[in-house]
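This is my_file_4.cif. It holds mmCIF, C-alpha atoms and all ligand atoms.
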data_my_file
loop_
_atom_site.group_PDB
_atom_site.id
_atom_site.type_symbol
_atom_site.label_atom_id
_atom_site.label_comp_id
_atom_site.auth_asym_id
_atom_site.auth_seq_id
_atom_site.Cartn_x
_atom_site.Cartn_y
_atom_site.Cartn_z
ATOM 1 C CA MET C 1 79.567 -70.932 8.407
ATOM 2 C CA THR C 2 76.522 -69.077 7.062
ATOM 3 C CA VAL C 3 76.775 -68.023 3.455
ATOM 4 C CA VAL C 4 75.241 -64.580 2.936
ATOM 5 C CA GLU C 5 73.635 -64.019 -0.458
ATOM 6 C CA PRO C 6 74.335 -60.565 -1.922
ATOM 7 C CA SER C 7 71.328 -58.261 -2.096
ATOM 8 C CA LEU C 8 71.890 -57.551 -5.827
ATOM 9 C CA SER C 9 70.719 -60.043 -8.450
ATOM 10 C CA PRO C 10 73.386 -61.914 -10.467
ATOM 11 C CA GLN C 11 72.171 -60.017 -13.581
ATOM 12 C CA GLU C 12 72.665 -56.646 -11.898
ATOM 13 C CA ILE C 13 76.107 -57.677 -10.662
ATOM 14 C CA SER C 14 77.133 -58.780 -14.199
ATOM 15 C CA ARG C 15 75.778 -55.556 -15.705
ATOM 16 C CA ILE C 16 77.845 -53.409 -13.310
ATOM 17 C CA ALA C 17 80.918 -55.661 -13.587
ATOM 18 C CA ALA C 18 80.864 -55.260 -17.386
ATOM 19 C CA ARG C 19 81.084 -51.465 -16.974
ATOM 20 C CA ILE C 20 84.207 -51.628 -14.789
ATOM 21 C CA ASP C 21 87.134 -50.969 -17.114
ATOM 22 C CA ARG C 22 89.867 -50.283 -14.538
ATOM 23 C CA PRO C 23 91.277 -51.901 -11.414
ATOM 24 C CA ILE C 24 89.385 -51.141 -8.201
ATOM 25 C CA VAL C 25 91.718 -49.969 -5.438
ATOM 26 C CA LEU C 26 90.483 -49.975 -1.845
ATOM 27 C CA VAL C 27 91.864 -47.335 0.512
ATOM 28 C CA GLY C 28 91.100 -46.365 4.105
ATOM 29 C CA LEU C 29 92.281 -46.782 7.671
ATOM 30 C CA MET C 30 93.509 -49.998 9.260
ATOM 31 C CA GLY C 31 90.585 -52.161 10.336
ATOM 32 C CA VAL C 32 87.937 -50.923 7.891
ATOM 33 C CA GLY C 33 87.992 -54.345 6.238
ATOM 34 C CA LYS C 34 89.744 -53.591 2.930
ATOM 35 C CA SER C 35 91.099 -57.125 2.530
ATOM 36 C CA THR C 36 87.928 -59.017 3.441
ATOM 37 C CA VAL C 37 85.657 -56.672 1.526
ATOM 38 C CA GLY C 38 88.107 -56.761 -1.399
ATOM 39 C CA ARG C 39 88.009 -60.555 -1.536
ATOM 40 C CA ASN C 40 84.191 -60.503 -1.490
ATOM 41 C CA LEU C 41 84.082 -57.842 -4.174
ATOM 42 C CA ALA C 42 86.529 -59.670 -6.477
ATOM 43 C CA ASN C 43 84.481 -62.820 -5.999
ATOM 44 C CA LEU C 44 81.236 -61.070 -6.894
ATOM 45 C CA ILE C 45 82.590 -59.654 -10.155
ATOM 46 C CA GLY C 46 84.755 -62.654 -11.062
ATOM 47 C CA ARG C 47 88.098 -60.807 -10.986
ATOM 48 C CA LYS C 48 91.357 -61.401 -9.193
ATOM 49 C CA PHE C 49 92.047 -60.032 -5.716
ATOM 50 C CA VAL C 50 95.445 -58.943 -4.463
ATOM 51 C CA ASP C 51 96.442 -57.520 -1.095
ATOM 52 C CA ALA C 52 99.260 -54.967 -1.400
ATOM 53 C CA ASP C 53 100.547 -55.656 2.130
ATOM 54 C CA ASP C 54 100.885 -59.371 1.279
ATOM 55 C CA ALA C 55 102.708 -58.472 -1.946
ATOM 56 C CA ILE C 56 105.099 -56.200 0.008
ATOM 57 C CA GLU C 57 105.808 -59.026 2.475
ATOM 58 C CA ALA C 58 106.398 -61.461 -0.406
ATOM 59 C CA ALA C 59 108.765 -59.031 -2.176
ATOM 60 C CA ALA C 60 110.708 -58.261 1.022
ATOM 61 C CA GLN C 61 110.556 -61.839 2.347
ATOM 62 C CA ARG C 62 109.698 -60.286 5.716
ATOM 63 C CA LYS C 63 106.609 -59.440 7.760
ATOM 64 C CA ILE C 64 105.532 -55.781 7.699
ATOM 65 C CA SER C 65 106.304 -55.469 11.422
ATOM 66 C CA GLU C 66 109.862 -56.694 10.729
ATOM 67 C CA ILE C 67 110.297 -54.227 7.850
ATOM 68 C CA PHE C 68 109.280 -51.366 10.196
ATOM 69 C CA GLU C 69 111.533 -52.683 12.980
ATOM 70 C CA ASP C 70 114.599 -53.400 10.866
ATOM 71 C CA PHE C 71 114.484 -50.563 8.313
ATOM 72 C CA GLY C 72 111.924 -47.992 9.476
ATOM 73 C CA GLU C 73 108.728 -46.547 8.057
ATOM 74 C CA GLU C 74 110.354 -44.563 5.217
ATOM 75 C CA TYR C 75 111.875 -47.713 3.763
ATOM 76 C CA PHE C 76 108.484 -49.455 4.033
ATOM 77 C CA ARG C 77 106.793 -46.539 2.214
ATOM 78 C CA ASP C 78 109.352 -46.744 -0.638
ATOM 79 C CA GLY C 79 108.659 -50.442 -1.072
ATOM 80 C CA GLU C 80 104.917 -49.864 -0.794
ATOM 81 C CA ARG C 81 105.022 -47.244 -3.578
ATOM 82 C CA ARG C 82 106.949 -49.574 -5.913
ATOM 83 C CA VAL C 83 104.832 -52.644 -5.174
ATOM 84 C CA ILE C 84 101.521 -50.818 -5.723
ATOM 85 C CA ALA C 85 102.800 -49.395 -9.052
ATOM 86 C CA ARG C 86 103.682 -52.936 -10.131
ATOM 87 C CA LEU C 87 100.339 -54.376 -8.999
ATOM 88 C CA MET C 88 98.491 -51.651 -10.900
ATOM 89 C CA ASP C 89 100.405 -52.712 -14.031
ATOM 90 C CA GLU C 90 99.724 -56.394 -13.546
ATOM 91 C CA HIS C 91 96.149 -56.446 -12.209
ATOM 92 C CA SER C 92 92.815 -55.389 -13.568
ATOM 93 C CA GLY C 93 90.960 -56.778 -10.553
ATOM 94 C CA VAL C 94 90.629 -55.582 -6.966
ATOM 95 C CA ILE C 95 93.633 -54.320 -4.985
ATOM 96 C CA ALA C 96 93.486 -53.715 -1.217
ATOM 97 C CA THR C 97 96.124 -51.224 -0.038
ATOM 98 C CA GLY C 98 97.611 -50.590 3.417
ATOM 99 C CA GLY C 99 96.112 -47.634 5.294
ATOM 100 C CA GLY C 100 98.955 -45.192 4.512
ATOM 101 C CA ALA C 101 99.358 -45.920 0.795
ATOM 102 C CA PHE C 102 96.892 -43.326 -0.520
ATOM 103 C CA VAL C 103 98.611 -40.559 1.467
ATOM 104 C CA ASP C 104 101.662 -40.904 -0.803
ATOM 105 C CA ASP C 105 101.378 -38.342 -3.633
ATOM 106 C CA GLN C 106 102.692 -40.655 -6.369
ATOM 107 C CA THR C 107 100.564 -43.618 -5.346
ATOM 108 C CA ARG C 108 97.458 -41.467 -4.998
ATOM 109 C CA SER C 109 97.956 -39.885 -8.470
ATOM 110 C CA LEU C 110 98.497 -43.293 -10.022
ATOM 111 C CA ILE C 111 95.313 -44.666 -8.453
ATOM 112 C CA LEU C 112 93.239 -41.604 -9.342
ATOM 113 C CA ASP C 113 94.514 -41.659 -12.965
ATOM 114 C CA GLN C 114 94.379 -45.360 -13.711
ATOM 115 C CA ALA C 115 91.967 -46.988 -11.280
ATOM 116 C CA ILE C 116 88.794 -46.451 -9.327
ATOM 117 C CA GLY C 117 89.807 -45.465 -5.814
ATOM 118 C CA VAL C 118 87.279 -46.555 -3.200
ATOM 119 C CA TRP C 119 87.519 -45.093 0.304
ATOM 120 C CA ILE C 120 86.038 -47.446 2.880
ATOM 121 C CA TYR C 121 85.353 -45.776 6.215
ATOM 122 C CA CYS C 122 83.737 -46.592 9.535
ATOM 123 C CA ASP C 123 83.619 -45.180 13.070
ATOM 124 C CA ILE C 124 86.773 -45.204 15.197
ATOM 125 C CA ASP C 125 85.311 -47.452 17.958
ATOM 126 C CA THR C 126 84.712 -50.195 15.401
ATOM 127 C CA LEU C 127 88.266 -49.780 14.071
ATOM 128 C CA VAL C 128 89.686 -50.042 17.597
ATOM 129 C CA GLU C 129 87.703 -53.205 18.219
ATOM 130 C CA ARG C 130 88.651 -54.802 14.904
ATOM 131 C CA THR C 131 92.353 -53.915 15.041
ATOM 132 C CA SER C 132 92.629 -55.274 18.607
ATOM 133 C CA ARG C 133 92.090 -58.803 17.260
ATOM 134 C CA ARG C 134 95.623 -58.929 15.788
ATOM 135 C CA ASP C 135 98.854 -57.278 16.955
ATOM 136 C CA THR C 136 100.530 -57.186 13.529
ATOM 137 C CA ARG C 137 100.232 -53.425 12.939
ATOM 138 C CA PRO C 138 103.410 -51.570 13.936
ATOM 139 C CA LEU C 139 101.780 -48.113 13.974
ATOM 140 C CA LEU C 140 99.341 -49.187 16.706
ATOM 141 C CA LYS C 141 102.035 -50.466 19.056
ATOM 142 C CA SER C 142 103.412 -47.101 20.113
ATOM 143 C CA GLY C 143 100.471 -45.927 22.241
ATOM 144 C CA ASP C 144 96.720 -45.980 22.735
ATOM 145 C CA PRO C 145 95.098 -47.356 19.526
ATOM 146 C CA GLN C 146 92.011 -45.127 19.953
ATOM 147 C CA GLU C 147 94.194 -41.995 20.038
ATOM 148 C CA ILE C 148 96.437 -43.176 17.200
ATOM 149 C CA LEU C 149 93.510 -44.101 14.941
ATOM 150 C CA THR C 150 91.749 -40.786 15.704
ATOM 151 C CA ARG C 151 94.926 -38.830 14.857
ATOM 152 C CA LEU C 152 95.495 -40.849 11.665
ATOM 153 C CA TYR C 153 91.872 -40.298 10.661
ATOM 154 C CA HIS C 154 92.292 -36.510 10.930
ATOM 155 C CA GLU C 155 95.657 -36.549 9.144
ATOM 156 C CA ARG C 156 94.497 -38.786 6.323
ATOM 157 C CA GLU C 157 90.880 -37.792 5.750
ATOM 158 C CA PRO C 158 91.884 -34.967 3.328
ATOM 159 C CA TYR C 159 93.594 -37.615 1.154
ATOM 160 C CA TYR C 160 91.059 -40.423 1.481
ATOM 161 C CA SER C 161 88.273 -38.012 0.560
ATOM 162 C CA GLN C 162 89.890 -37.548 -2.879
ATOM 163 C CA ALA C 163 88.957 -41.119 -3.827
ATOM 164 C CA GLN C 164 86.341 -41.236 -6.572
ATOM 165 C CA VAL C 165 83.984 -43.406 -4.533
ATOM 166 C CA ARG C 166 83.326 -43.644 -0.782
ATOM 167 C CA VAL C 167 81.451 -46.334 1.079
ATOM 168 C CA GLU C 168 80.740 -46.898 4.765
ATOM 169 C CA SER C 169 81.604 -50.336 6.129
ATOM 170 C CA ARG C 170 78.833 -51.218 8.555
ATOM 171 C CA ASP C 171 78.834 -54.011 11.064
ATOM 172 C CA GLY C 172 76.894 -56.396 8.793
ATOM 173 C CA PRO C 173 78.353 -59.022 6.464
ATOM 174 C CA HIS C 174 81.301 -57.849 4.357
ATOM 175 C CA VAL C 175 79.526 -58.972 1.193
ATOM 176 C CA GLU C 176 77.027 -56.154 1.803
ATOM 177 C CA THR C 177 79.841 -53.594 1.845
ATOM 178 C CA ALA C 178 81.065 -55.155 -1.422
ATOM 179 C CA VAL C 179 77.559 -54.730 -2.894
ATOM 180 C CA SER C 180 77.478 -51.082 -1.705
ATOM 181 C CA ILE C 181 80.807 -50.525 -3.495
ATOM 182 C CA LEU C 182 79.400 -51.929 -6.741
ATOM 183 C CA GLU C 183 76.324 -49.692 -6.468
ATOM 184 C CA ALA C 184 78.473 -46.644 -5.722
ATOM 185 C CA ILE C 185 80.789 -47.402 -8.680
ATOM 186 C CA ASP C 186 77.761 -47.866 -10.940
ATOM 187 C CA ALA C 187 76.455 -44.457 -9.861
ATOM 188 C CA TRP C 188 79.866 -42.820 -10.335
ATOM 189 C CA LEU C 189 80.834 -44.293 -13.749
HETATM 190 C C1 LIG Y 1 99.486 -49.027 7.720
HETATM 191 C C2 LIG Y 1 98.493 -49.946 7.527
HETATM 192 C C3 LIG Y 1 98.748 -51.395 7.397
HETATM 193 C C4 LIG Y 1 100.172 -51.638 6.885
HETATM 194 C C5 LIG Y 1 101.171 -50.920 7.721
HETATM 195 C C6 LIG Y 1 100.934 -49.394 7.768
HETATM 196 C C7 LIG Y 1 99.125 -47.580 7.832
HETATM 197 O O1 LIG Y 1 97.809 -51.984 6.506
HETATM 198 O O2 LIG Y 1 100.285 -51.230 5.544
HETATM 199 O O3 LIG Y 1 101.109 -51.463 9.008
HETATM 200 O O4 LIG Y 1 100.007 -46.719 7.632
HETATM 201 O O5 LIG Y 1 97.939 -47.284 8.095
HETATM 202 P P1 LIG Y 1 96.229 -52.193 6.843
HETATM 203 O O6 LIG Y 1 95.540 -50.894 6.573
HETATM 204 O O7 LIG Y 1 95.816 -53.252 5.879
HETATM 205 O O8 LIG Y 1 96.150 -52.626 8.249
#
Step by step, read the file and then write its structure as structure tokens.
Ligand code: S3P
Amino acid sequence: MTVVEPSLSPQEISRIAARIDRPIVLVGLMGVGKSTVGRNLANLIGRKFVDADDAIEAAAQRKISEIFEDFGEEYFRDGERRVIARLMDEHSGVIATGGGAFVDDQTRSLILDQAIGVWIYCDIDTLVERTSRRDTRPLLKSGDPQEILTRLYHEREPYYSQAQVRVESRDGPHVETAVSILEAIDAWL
């Protein structure tokens, strides 16, 4: 595996990291790379990373697809709201959220008040390609993923665009998206 060196110097990364006084919460559609970018970002700034979907699965002792199948989306959203509130209490690092989390009014207010919300976005074709690699996402099983992702983009863009910081995830190495997030946070703070 090739290790990609970040394009910011270690000194610059430490300077920006020292300014970050709140958790960083990544939001955006399925497939934009929130978890991978989040891990890279946490690594760069020496903080902890947590994936909200993993925490929901651990709390429910079930896969997300099973929660949707057995109890429905509303039940999942209730659990998601509670788990993210708990993670925000416990973590000062980087939290990746599931694509629908920031649409919830309570979760969005909490993130906007107590964290730095970062919207990661990219074009729909890339999302379709990336999400086709795994079939773990219940919302993409009910029809054509391109249509579903396009509809979700239009429904959710008004919410995602409220995040304090927005960054495009390009096709390059995820560490570069993590660096772009740091630069955007530095400019915003
Ligand atoms: C969802 C996104 C998923 C997961 C669930 C619902 C959504 O997370 O939370 O399947 O509503 O967009 P990812 O965005 O990490 O795929």
Could you give me the axis-aligned bounding box of segment 83-102 of chain C, with 5 Å of padding per side, as centre plus edge lengths in Å to one decimal, as AutoDock Vina command-line options?
--center_x 97.7 --center_y -50.1 --center_z -4.4 --size_x 24.2 --size_y 23.5 --size_z 29.3
TODO: Apply the PyMOL selection byres (((chain C and resi 90-95) around 9) and not hetatm) to the file shown and report the selected residues as a list in words.
DONE: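 Applied to this file, the PyMOL selection byres (((chain C and resi 90-95) around 9) and not hetatm) returns Asp21, Arg22, Pro23, Ile24, Val25, Leu26, Lys34, Ser35, Gly38, Arg39, Leu41, Ala42, Ile45, Gly46, Arg47, Lys48, Phe49, Val50, Asp51, Ala52, Ile84, Ala85, Arg86, Leu87, Met88, Asp89, Ala96, Thr97 and Ala115 of chain C.
Closest approach to Thr126 of chain C among C:Ser14, C:Ser180, C:Ser65, C:Ser169 is made by C:Ser169 (distances from all atoms listed in the file).
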Open item on the list: Within 10 Å of ligand LIG 1 (chain Y) (counting all atoms listed in the file), which residues show up? I'd like them as a count of residues only.
Closed with: 43
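As for atom CA of Asp135 of chain C and atom CA of Ala59 of chain C, they are spaced 21.6 Å apart.
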TODO: Measure the distance from atom CA of Gly172 of chain C to atom CA of Ala184 of chain C in Å and round it to one decimal.
DONE: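 So the answer is 17.6 Å.
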Open item on the list: Just the number, please: distance in Å from atom CA of Glu183 of chain C to atom CA of Thr107 of chain C, one decimal.
Closed with: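 Going from atom CA of Glu183 of chain C over to atom CA of Thr107 of chain C covers 25.0 Å.
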Open item on the list: Running the PyMOL selection byres (((chain C and resi 165) around 8) and not hetatm) on this model by hand, what would come out? Give it as an MDAnalysis selection string.
Closed with: chainID C and resid 116:119 163:164 166:167 181 184:185 188
Task: Which of C:Gln114, C:Arg170, C:Tyr160, C:Ala58 sits closest to Leu127 of chain C [using all atoms listed in the file] - done: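 Closest candidate: C:Arg170.
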Open item on the list: Taking all atoms listed in the file into account, name the residue in C:His154, C:Ile20, C:Tyr159, C:Glu57 that is nearest to Ser109 of chain C.
Closed with: C:Tyr159
Task: All residues 8 Å or closer to Arg19 of chain C, only C-alpha atoms, same chain fewer than 2 positions away omitted, as JSON, numbers by chain - done: {"C": [15, 16, 17, 21, 186, 189]}
